[in-house]
$ cat upload19.cif   # mmCIF, C-alpha atoms and all ligand atoms
data_coords
loop_
_atom_site.label_atom_id
_atom_site.label_comp_id
_atom_site.auth_asym_id
_atom_site.auth_seq_id
_atom_site.Cartn_x
_atom_site.Cartn_y
_atom_site.Cartn_z
CA MET X 1 66.67 64.19 104.40
CA ASN X 2 68.86 66.40 106.59
CA ARG X 3 67.71 69.97 106.00
CA PHE X 4 70.64 71.58 107.88
CA LEU X 5 73.79 72.77 106.20
CA SER X 6 77.07 71.67 107.72
CA VAL X 7 79.11 74.81 107.26
CA MET X 8 82.75 75.16 106.32
CA GLN X 9 85.00 78.05 107.39
CA VAL X 10 85.54 80.75 104.76
CA ALA X 11 89.32 80.21 104.72
CA ASP X 12 88.88 76.50 103.98
CA ALA X 13 86.29 77.20 101.29
CA LEU X 14 88.70 79.64 99.66
CA LYS X 15 91.43 77.00 99.62
CA ILE X 16 89.08 74.72 97.69
CA VAL X 17 88.20 77.53 95.30
CA ARG X 18 91.87 78.25 94.56
CA LYS X 19 92.61 74.57 94.07
CA MET X 20 89.82 73.96 91.58
CA ALA X 21 90.42 77.12 89.53
CA ILE X 22 92.24 76.60 86.25
CA ARG X 23 94.42 79.49 85.17
CA VAL X 24 93.24 80.92 81.83
CA PRO X 25 95.81 81.03 79.01
CA THR X 26 97.77 84.15 78.10
CA GLU X 27 97.40 86.22 74.94
CA THR X 28 99.13 89.33 73.61
CA VAL X 29 97.07 92.42 72.85
CA ASP X 30 97.79 96.00 71.78
CA LEU X 31 98.23 98.31 74.75
CA VAL X 32 95.31 100.43 73.52
CA ASP X 33 93.05 97.37 73.75
CA ALA X 34 94.37 96.27 77.14
CA PHE X 35 92.35 98.46 79.50
CA GLY X 36 90.71 96.35 82.20
CA ARG X 37 92.80 93.30 81.29
CA VAL X 38 95.04 91.45 83.76
CA LEU X 39 98.78 91.58 83.10
CA ALA X 40 100.01 88.00 82.63
CA ARG X 41 103.65 88.54 83.58
CA ASP X 42 105.97 91.02 85.27
CA ILE X 43 106.98 93.87 82.99
CA CYS X 44 110.50 95.33 82.99
CA SER X 45 111.54 98.42 81.10
CA ASP X 46 114.22 97.96 78.42
CA VAL X 47 115.77 101.31 79.35
CA ASP X 48 116.36 103.38 82.47
CA ILE X 49 113.53 105.87 83.03
CA PRO X 50 114.50 108.63 82.78
CA GLY X 51 117.42 107.75 80.54
CA PHE X 52 119.41 110.78 81.76
CA ASP X 53 119.53 113.08 84.80
CA ARG X 54 116.61 115.43 84.28
CA SER X 55 115.45 118.78 85.60
CA THR X 56 112.01 118.87 87.24
CA VAL X 57 111.67 122.66 87.04
CA ASP X 58 112.45 125.61 84.79
CA GLY X 59 115.60 127.23 86.13
CA TYR X 60 119.38 127.13 86.07
CA ALA X 61 121.54 124.01 86.13
CA VAL X 62 124.27 124.64 88.71
CA ARG X 63 126.88 123.03 90.91
CA ALA X 64 125.09 122.98 94.28
CA ALA X 65 128.33 123.97 96.07
CA ASP X 66 128.28 127.27 94.14
CA THR X 67 125.03 128.28 95.88
CA THR X 68 126.09 127.56 99.47
CA GLY X 69 125.12 130.48 101.67
CA ALA X 70 123.25 132.31 98.89
CA GLY X 71 120.54 134.68 100.14
CA GLU X 72 118.49 137.68 99.03
CA SER X 73 121.04 140.10 100.50
CA ILE X 74 124.14 138.22 99.32
CA PRO X 75 123.21 136.23 96.21
CA SER X 76 125.64 133.85 94.51
CA MET X 77 126.72 135.24 91.19
CA LEU X 78 127.12 132.72 88.38
CA THR X 79 128.01 133.20 84.72
CA SER X 80 125.34 131.95 82.34
CA ILE X 81 126.98 129.97 79.55
CA GLY X 82 123.86 129.29 77.51
CA SER X 83 120.62 127.40 77.39
CA ILE X 84 119.94 123.66 77.20
CA PRO X 85 117.74 122.73 74.26
CA MET X 86 114.81 120.40 75.02
CA GLY X 87 115.21 116.85 73.74
CA ALA X 88 118.96 117.06 73.11
CA THR X 89 122.15 116.07 74.90
CA PRO X 90 124.07 119.14 76.15
CA GLU X 91 127.67 119.23 74.95
CA ILE X 92 128.83 121.74 77.54
CA THR X 93 130.04 121.02 81.09
CA ILE X 94 129.16 123.25 84.01
CA ARG X 95 132.37 124.42 85.63
CA PRO X 96 132.55 126.14 89.02
CA GLY X 97 131.02 129.62 88.88
CA THR X 98 128.91 128.91 85.77
CA CYS X 99 125.31 127.86 85.11
CA MET X 100 122.97 127.15 82.18
CA TYR X 101 119.29 127.78 81.67
CA ILE X 102 117.39 124.46 81.72
CA PRO X 103 113.71 123.82 80.98
CA THR X 104 111.57 121.28 82.92
CA GLY X 105 112.55 117.86 81.60
CA GLY X 106 115.83 119.10 80.16
CA PHE X 107 119.03 117.00 80.24
CA LEU X 108 121.19 118.03 83.21
CA PRO X 109 124.62 118.85 81.75
CA GLY X 110 127.86 117.33 83.02
CA GLY X 111 129.21 119.05 86.11
CA ALA X 112 125.76 120.23 87.24
CA ASP X 113 124.22 118.42 90.21
CA ALA X 114 121.15 120.57 91.00
CA VAL X 115 118.74 123.08 89.50
CA VAL X 116 117.76 126.46 90.97
CA MET X 117 114.16 127.42 90.22
CA ILE X 118 113.83 130.42 87.93
CA GLU X 119 111.82 132.16 90.69
CA TYR X 120 114.99 132.43 92.79
CA CYS X 121 117.22 133.81 90.04
CA GLU X 122 117.73 137.27 88.59
CA GLN X 123 119.49 138.02 85.34
CA MET X 124 122.01 140.87 85.04
CA GLY X 125 123.60 140.68 81.61
CA ASP X 126 125.31 137.30 81.42
CA GLN X 127 125.38 137.04 85.22
CA ILE X 128 122.71 135.12 87.15
CA LEU X 129 122.09 136.15 90.75
CA VAL X 130 120.96 133.14 92.77
CA ASN X 131 119.27 134.14 96.02
CA ARG X 132 118.58 130.72 97.52
CA PRO X 133 120.91 127.76 98.02
CA VAL X 134 120.15 124.32 96.55
CA ALA X 135 121.26 120.94 97.82
CA LYS X 136 122.82 118.28 95.59
CA GLY X 137 120.11 116.57 93.55
CA GLU X 138 117.51 119.27 94.26
CA ASN X 139 114.93 119.88 91.53
CA SER X 140 116.19 116.99 89.42
CA ILE X 141 115.66 113.26 89.07
CA SER X 142 118.53 110.99 88.27
CA ARG X 143 118.83 108.40 85.54
CA GLY X 144 116.79 105.28 86.37
CA GLU X 145 115.22 106.89 89.45
CA ASP X 146 111.68 106.35 88.14
CA PHE X 147 112.17 102.82 86.77
CA GLU X 148 115.44 100.95 86.37
CA ALA X 149 116.13 98.95 83.21
CA GLY X 150 115.66 95.22 83.79
CA LYS X 151 113.82 95.63 87.11
CA VAL X 152 110.09 94.91 87.45
CA SER X 153 108.11 98.10 86.85
CA VAL X 154 104.57 96.64 86.63
CA GLN X 155 103.70 93.40 88.38
CA GLU X 156 101.92 90.40 86.97
CA GLY X 157 98.30 90.39 88.12
CA THR X 158 97.86 94.16 87.79
CA ARG X 159 94.54 95.22 86.22
CA ILE X 160 95.55 97.60 83.45
CA ASN X 161 94.08 101.06 83.97
CA SER X 162 95.05 104.48 82.67
CA ARG X 163 97.94 104.79 85.15
CA THR X 164 99.32 101.34 84.40
CA ALA X 165 98.99 102.00 80.68
CA GLY X 166 101.06 105.16 81.08
CA VAL X 167 103.89 103.28 82.78
CA LEU X 168 103.71 100.42 80.24
CA ALA X 169 103.99 103.01 77.49
CA ALA X 170 107.09 104.51 79.15
CA CYS X 171 108.58 101.00 79.31
CA GLY X 172 108.07 100.62 75.56
CA PHE X 173 105.27 98.04 75.60
CA SER X 174 102.96 98.66 72.65
CA LYS X 175 101.78 95.05 73.05
CA VAL X 176 101.20 93.42 76.41
CA PRO X 177 100.73 89.86 77.63
CA VAL X 178 97.36 89.52 79.35
CA ALA X 179 95.17 86.77 80.73
CA HIS X 180 92.36 85.55 78.47
CA ILE X 181 89.00 86.96 79.53
CA PRO X 182 87.25 84.12 81.37
CA ARG X 183 83.69 83.38 80.25
CA ILE X 184 81.44 83.21 83.29
CA GLY X 185 78.01 81.61 82.83
CA ILE X 186 75.19 83.17 84.86
CA ILE X 187 71.98 81.31 85.70
CA SER X 188 69.13 82.68 87.82
CA THR X 189 66.71 80.17 89.29
CA GLY X 190 63.29 80.65 90.83
CA ASN X 191 59.63 80.25 89.85
CA GLU X 192 59.01 83.76 91.18
CA LEU X 193 61.41 85.45 88.75
CA VAL X 194 60.36 87.40 85.67
CA PRO X 195 62.57 89.15 83.10
CA ILE X 196 63.29 92.76 84.01
CA ASP X 197 61.31 94.17 81.08
CA THR X 198 58.16 92.51 82.45
CA LEU X 199 55.80 94.04 85.02
CA PRO X 200 55.85 91.60 87.95
CA SER X 201 52.36 90.39 88.89
CA GLY X 202 51.36 88.90 92.26
CA GLY X 203 54.13 86.91 93.89
CA LYS X 204 56.59 87.59 91.08
CA ILE X 205 59.74 89.68 91.25
CA ARG X 206 62.20 90.87 88.66
CA ASP X 207 65.43 88.94 88.18
CA VAL X 208 68.05 91.06 89.90
CA ASN X 209 70.85 88.52 90.21
CA THR X 210 71.55 88.06 86.50
CA TYR X 211 72.52 91.72 86.36
CA LEU X 212 74.18 91.84 89.77
CA CYS X 213 76.38 88.89 88.82
CA ALA X 214 76.99 90.10 85.25
CA GLY X 215 78.04 93.53 86.51
CA PHE X 216 80.36 92.02 89.09
CA VAL X 217 81.96 89.68 86.55
CA ASP X 218 82.42 92.55 84.11
CA GLU X 219 83.93 94.78 86.81
CA HIS X 220 86.41 92.00 87.59
CA GLY X 221 87.60 91.44 84.06
CA GLY X 222 85.38 88.49 83.12
CA LEU X 223 82.87 88.09 80.29
CA PRO X 224 79.38 87.44 81.64
CA VAL X 225 77.39 84.92 79.60
CA ARG X 226 73.71 85.05 80.55
CA PHE X 227 71.58 81.90 80.54
CA GLY X 228 68.48 83.68 81.79
CA ILE X 229 65.84 82.55 84.26
CA ILE X 230 65.39 78.86 84.98
CA GLU X 231 62.33 77.51 86.83
CA ASP X 232 62.75 75.47 90.01
CA GLU X 233 62.67 72.27 88.07
CA ALA X 234 65.57 69.83 87.99
CA SER X 235 65.56 69.00 84.27
CA ALA X 236 65.45 72.68 83.28
CA LEU X 237 68.43 73.48 85.51
CA LEU X 238 70.25 70.40 84.28
CA ASN X 239 69.89 71.53 80.65
CA ALA X 240 71.01 75.08 81.41
CA LEU X 241 73.96 73.83 83.43
CA ARG X 242 75.03 71.41 80.67
CA SER X 243 74.95 74.15 78.10
CA ALA X 244 76.89 76.51 80.41
CA ILE X 245 79.53 73.87 81.14
CA SER X 246 80.13 73.34 77.44
CA SER X 247 80.69 77.04 76.76
CA CYS X 248 82.02 78.70 79.93
CA ASP X 249 85.10 78.67 82.15
CA ALA X 250 83.06 78.94 85.37
CA ILE X 251 79.38 79.17 86.29
CA LEU X 252 77.35 81.15 88.82
CA ILE X 253 73.87 79.90 89.73
CA SER X 254 71.75 82.00 92.06
CA GLY X 255 68.80 80.79 94.10
CA GLY X 256 67.92 77.32 95.33
CA SER X 257 71.28 76.92 97.02
CA SER X 258 70.02 75.84 100.44
CA LYS X 259 68.53 72.50 101.45
CA GLY X 260 64.81 73.28 101.15
CA GLU X 261 62.33 71.23 99.11
CA ARG X 262 62.64 73.44 96.07
CA ASP X 263 66.42 73.84 96.32
CA MET X 264 67.77 71.71 93.52
CA CYS X 265 71.03 73.45 92.84
CA ALA X 266 73.27 71.10 94.85
CA ASP X 267 71.64 67.88 93.56
CA THR X 268 71.84 69.08 89.97
CA ILE X 269 75.54 69.94 90.29
CA ALA X 270 76.11 66.54 91.96
CA SER X 271 74.41 64.78 89.06
CA LEU X 272 76.93 66.28 86.62
CA GLY X 273 80.00 66.43 88.84
CA LYS X 274 80.73 67.00 92.49
CA VAL X 275 79.58 69.27 95.30
CA LEU X 276 82.69 70.18 97.31
CA VAL X 277 81.14 72.62 99.76
CA HIS X 278 77.52 73.14 100.79
CA GLY X 279 77.25 75.81 103.44
CA ILE X 280 79.87 78.36 104.49
CA ALA X 281 80.31 80.01 107.90
CA LEU X 282 79.58 83.34 106.28
CA SER X 283 76.89 85.89 107.02
CA PRO X 284 75.11 86.79 104.89
CA GLY X 285 75.84 84.01 102.43
CA LYS X 286 75.61 80.78 104.41
CA PRO X 287 73.73 78.74 101.79
CA THR X 288 76.54 78.74 99.25
CA ILE X 289 77.62 75.82 97.09
CA ILE X 290 81.02 75.21 95.60
CA GLY X 291 81.05 72.45 93.04
CA ILE X 292 82.78 71.30 89.91
CA ALA X 293 81.67 69.47 86.78
CA GLU X 294 83.92 68.60 83.84
CA GLU X 295 86.65 70.79 85.38
CA THR X 296 84.30 73.78 85.35
CA PRO X 297 83.94 75.47 88.75
CA ILE X 298 80.32 76.12 89.73
CA ILE X 299 79.31 78.48 92.52
CA GLY X 300 75.75 78.31 93.86
CA LEU X 301 74.82 81.66 95.40
CA PRO X 302 71.95 82.40 97.74
CA GLY X 303 69.01 84.03 95.98
CA HIS X 304 68.75 87.14 98.05
CA PRO X 305 70.73 89.80 96.17
CA ALA X 306 72.33 91.30 99.29
CA SER X 307 73.56 87.84 100.33
CA ALA X 308 74.54 86.91 96.79
CA TYR X 309 76.65 90.05 96.62
CA ILE X 310 78.69 89.06 99.69
CA VAL X 311 79.35 85.68 98.09
CA LEU X 312 80.44 87.46 94.92
CA LEU X 313 82.82 89.60 96.97
CA THR X 314 84.29 86.79 99.03
CA ILE X 315 84.11 83.58 97.00
CA VAL X 316 83.60 84.55 93.36
CA ARG X 317 86.22 87.29 93.47
CA GLU X 318 88.76 84.75 94.75
CA LEU X 319 87.77 82.37 91.95
CA LEU X 320 88.23 85.06 89.29
CA ALA X 321 91.54 86.06 90.87
CA ALA X 322 92.78 82.47 90.78
CA MET X 323 91.66 82.07 87.16
CA THR X 324 93.28 85.25 85.84
CA GLY X 325 96.06 85.84 88.37
CA ALA X 326 94.57 89.24 89.21
CA ASP X 327 95.05 90.94 92.55
CA TYR X 328 91.68 92.39 93.52
CA LYS X 329 92.26 93.22 97.18
CA ARG X 330 90.71 96.56 97.99
CA SER X 331 90.56 96.65 101.78
CA ILE X 332 91.02 99.81 103.76
CA PHE X 333 90.89 100.40 107.49
CA ALA X 334 88.36 102.75 109.07
CA ARG X 335 87.26 103.64 112.58
CA LEU X 336 83.93 102.21 113.64
CA LYS X 337 81.26 104.80 114.53
CA SER X 338 79.04 102.42 116.51
CA PRO X 339 79.55 98.90 117.86
CA VAL X 340 78.80 95.77 115.83
CA SER X 341 78.37 92.23 117.02
CA SER X 342 78.89 88.92 115.31
CA ALA X 343 78.55 85.24 116.14
CA GLN X 344 81.78 83.48 117.06
CA GLY X 345 82.93 81.06 114.38
CA ARG X 346 81.29 82.89 111.50
CA GLU X 347 82.71 85.54 109.19
CA ASP X 348 80.33 88.49 109.15
CA TYR X 349 79.96 91.26 106.60
CA ILE X 350 78.09 94.38 107.63
CA ARG X 351 77.39 97.12 105.13
CA GLY X 352 78.65 100.53 106.13
CA SER X 353 78.95 104.09 104.90
CA LEU X 354 82.26 105.92 105.00
CA ASN X 355 82.66 109.44 106.28
CA GLY X 356 86.26 110.59 106.52
CA GLU X 357 88.10 108.07 108.67
CA TYR X 358 84.84 106.69 110.10
CA ILE X 359 82.57 103.90 108.97
CA THR X 360 78.97 103.81 110.16
CA PRO X 361 77.25 100.42 110.04
CA VAL X 362 74.15 100.48 107.82
CA LEU X 363 71.77 98.17 109.59
CA GLY X 364 68.85 97.29 107.38
CA ARG X 365 66.44 94.42 107.84
CA SER X 366 67.52 91.30 106.06
CA GLY X 367 65.64 91.01 102.79
CA LEU X 368 66.21 94.62 101.73
CA THR X 369 68.38 95.47 98.76
CA ASN X 370 68.50 99.26 99.08
CA THR X 371 71.44 99.06 101.49
CA LEU X 372 73.58 97.87 98.58
CA LEU X 373 73.18 101.36 97.16
CA HIS X 374 73.23 103.31 100.40
CA SER X 375 76.58 102.01 101.57
CA ASP X 376 80.19 102.26 100.47
CA GLY X 377 81.35 98.76 101.32
CA VAL X 378 81.30 96.11 104.00
CA ILE X 379 82.94 95.78 107.39
CA ARG X 380 84.58 92.37 107.67
CA ILE X 381 84.36 90.68 111.04
CA PRO X 382 86.63 87.61 111.02
CA ALA X 383 85.35 84.29 112.37
CA ASN X 384 87.31 84.46 115.63
CA ILE X 385 85.95 87.90 116.62
CA GLU X 386 82.60 88.43 118.33
CA GLY X 387 82.26 92.06 117.45
CA TYR X 388 83.91 95.44 117.64
CA GLU X 389 83.54 98.43 119.94
CA ALA X 390 82.95 101.95 118.63
CA GLY X 391 86.29 103.58 117.78
CA GLU X 392 88.07 100.35 116.82
CA LEU X 393 89.90 100.14 113.51
CA VAL X 394 88.13 97.67 111.25
CA GLU X 395 88.75 96.24 107.79
CA VAL X 396 86.42 97.63 105.14
CA ILE X 397 86.10 96.17 101.66
CA GLN X 398 85.02 99.05 99.47
CA TRP X 399 82.44 98.36 96.78
P1 LIG X 401 66.39 81.19 97.33
O1 LIG X 401 67.86 81.28 97.57
O2 LIG X 401 66.06 80.60 96.02
O3 LIG X 401 65.70 80.53 98.48
O4 LIG X 401 65.88 82.69 97.30
C1 LIG X 401 66.00 83.53 98.43
C2 LIG X 401 65.32 84.86 98.15
O5 LIG X 401 66.00 85.52 97.10
C3 LIG X 401 63.89 84.73 97.70
O6 LIG X 401 63.15 85.77 98.29
C4 LIG X 401 63.96 84.91 96.23
O7 LIG X 401 62.79 85.42 95.67
C5 LIG X 401 65.10 85.88 96.07
N1 LIG X 401 65.74 85.74 94.77
C6 LIG X 401 66.18 84.59 94.23
N2 LIG X 401 66.71 84.81 93.02
C7 LIG X 401 66.58 86.13 92.79
C8 LIG X 401 66.92 86.97 91.69
N3 LIG X 401 67.50 86.49 90.60
N4 LIG X 401 66.63 88.26 91.78
C9 LIG X 401 66.04 88.76 92.91
N5 LIG X 401 65.72 88.04 93.96
C10 LIG X 401 65.97 86.72 93.91
MG MG X 402 64.54 80.08 94.90
#

$ encode --input "upload19.cif" --output "structure tokens"
Amino acid sequence: MNRFLSVMQVADALKIVRKMAIRVPTETVDLVDAFGRVLARDICSDVDIPGFDRSTVDGYAVRAADTTGAGESIPSMLTSIGSIPMGATPEITIRPGTCMYIPTGGFLPGGADAVVMIEYCEQMGDQILVNRPVAKGENSISRGEDFEAGKVSVQEGTRINSRTAGVLAACGFSKVPVAHIPRIGIISTGNELVPIDTLPSGGKIRDVNTYLCAGFVDEHGGLPVRFGIIEDEASALLNALRSAISSCDAILISGGSSKGERDMCADTIASLGKVLVHGIALSPGKPTIIGIAEETPIIGLPGHPASAYIVLLTIVRELLAAMTGADYKRSIFARLKSPVSSAQGREDYIRGSLNGEYITPVLGRSGLTNTLLHSDGVIRIPANIEGYEAGELVEVIQW
């Protein structure tokens, strides 16, 4: 048997992932229950926001032309004709030489085209001395300036967070269309694995990947369904996989994803469906499997948690995005503190810690997990690049 993986480029593997992913159906939920969910269509407001020209400060609504040339020594003198009540439409029009008190958020009356902050006004009887000029539109926002009626205010694919929820509320959406939460089966394989509430004896280790994968799925809007630890034994994996296929929208299996004697992940997937990819030009993460059985995507991740995590970030995130329509891109650019090298033809991910505009590569020996904690994200080195010099701007995917 050939024990070498014939690797596929990341970009090609991602094309396969997107093609095999089935979009989950849409459902409507109350806005208060929608946090973390993925918006299933573009949202337009039914009204202009704001619905009227609005002051952004406490002050006096004026005609800007009336304040031209105003200064501390020669203030403009305007006649106050009253005060605008909050939450009501003013009946009065501001004529040249007059002004009205307006609170923050108040409705700018007809004739007025700017607001002078209260700090720059002095009251003398019914006269207001304005000692600073304002330009047209100053200290006010105009009708529809925030969001225009009928135009997209929140895009499909947005993960709903507190800020999105605020805008959806302003647009009048007490119920929102969201993608169903995909159920993601999680299987850990390995004779060396013990449950995390067990003290590992000689040669055993605790099962990290169930929790690493479950956390990642949860953070990306999926529902993790745990199938526990499966021994390196084909029939046991076959049973677990069958049960996961019947109850999940996609499946993650960690461990046994290479071509060693004990690696049965690929053969087991093949016995139920098809292995589409076995080996990706990705480091860490080369021994990765992409397969499908009964229309259920199955990703085989390498056992080492630090490698598995890169496959979660690159491959599984794309799968979840294709299933829910979510946009998960979180790349930033940072300046490299010290040089990094990479093999040509392979996409490399190097953990790094951010400090201001700089990213310092965290170079730990392969096999260690602590760098997952002591880093802020990974530096992505594309396949056609052999490395970067110190000082270069590099793409960083933040954790
Ligand atoms: P494998 O991909 O099965 O060859 O495993 C590669 C390495 O990852 C081995 O050292 C395994 O012990 C380790 N490993 C596999 N699965 C897990 C897991 N669930 N939690 C922690 N380490 C694991
Ligand atoms: Mg193993």

$ residues_around --input "upload19.cif" --residues "range 3-10 of chain X" --least-positions-apart "5" --cutoff "10 Å" --atoms "only C-alpha atoms" --output "compact mmCIF listing (two decimals) with C-alpha atoms, in the frame of the given file"
# COMPACT_ATOMS: atom_id res chain seq x y z
CA LYS X 15 91.43 77.00 99.62
CA ILE X 16 89.08 74.72 97.69
CA SER X 258 70.02 75.84 100.44
CA LYS X 259 68.53 72.50 101.45
CA GLY X 260 64.81 73.28 101.15
CA GLU X 261 62.33 71.23 99.11
CA VAL X 277 81.14 72.62 99.76
CA HIS X 278 77.52 73.14 100.79
CA GLY X 279 77.25 75.81 103.44
CA ILE X 280 79.87 78.36 104.49
CA ALA X 281 80.31 80.01 107.90
CA LEU X 282 79.58 83.34 106.28
CA LYS X 286 75.61 80.78 104.41
CA PRO X 287 73.73 78.74 101.79
CA THR X 288 76.54 78.74 99.25
CA THR X 314 84.29 86.79 99.03
CA ILE X 315 84.11 83.58 97.00
CA GLY X 345 82.93 81.06 114.38
CA ARG X 346 81.29 82.89 111.50
CA GLU X 347 82.71 85.54 109.19
CA PRO X 382 86.63 87.61 111.02
CA ALA X 383 85.35 84.29 112.37

$ closest_residue --input "upload19.cif" --among "X:Ile49, X:Leu276, X:Ile187, X:Leu199" --to "Asn239 in chain X" --atoms "all atoms listed in the file"
X:Ile187

$ atom_distance --input "upload19.cif" --atom1 "CA of Ser271 in chain X" --atom2 "CA of Leu238 in chain X"
8.5 Å

$ atom_distance --input "upload19.cif" --atom1 "CA of Arg226 in chain X" --atom2 "CA of Ser254 in chain X"
12.1 Å

$ closest_residue --input "upload19.cif" --among "X:Glu294, X:Asp33, X:Asp46, X:Glu318" --to "Gly273 in chain X" --atoms "all atoms listed in the file"
X:Glu294
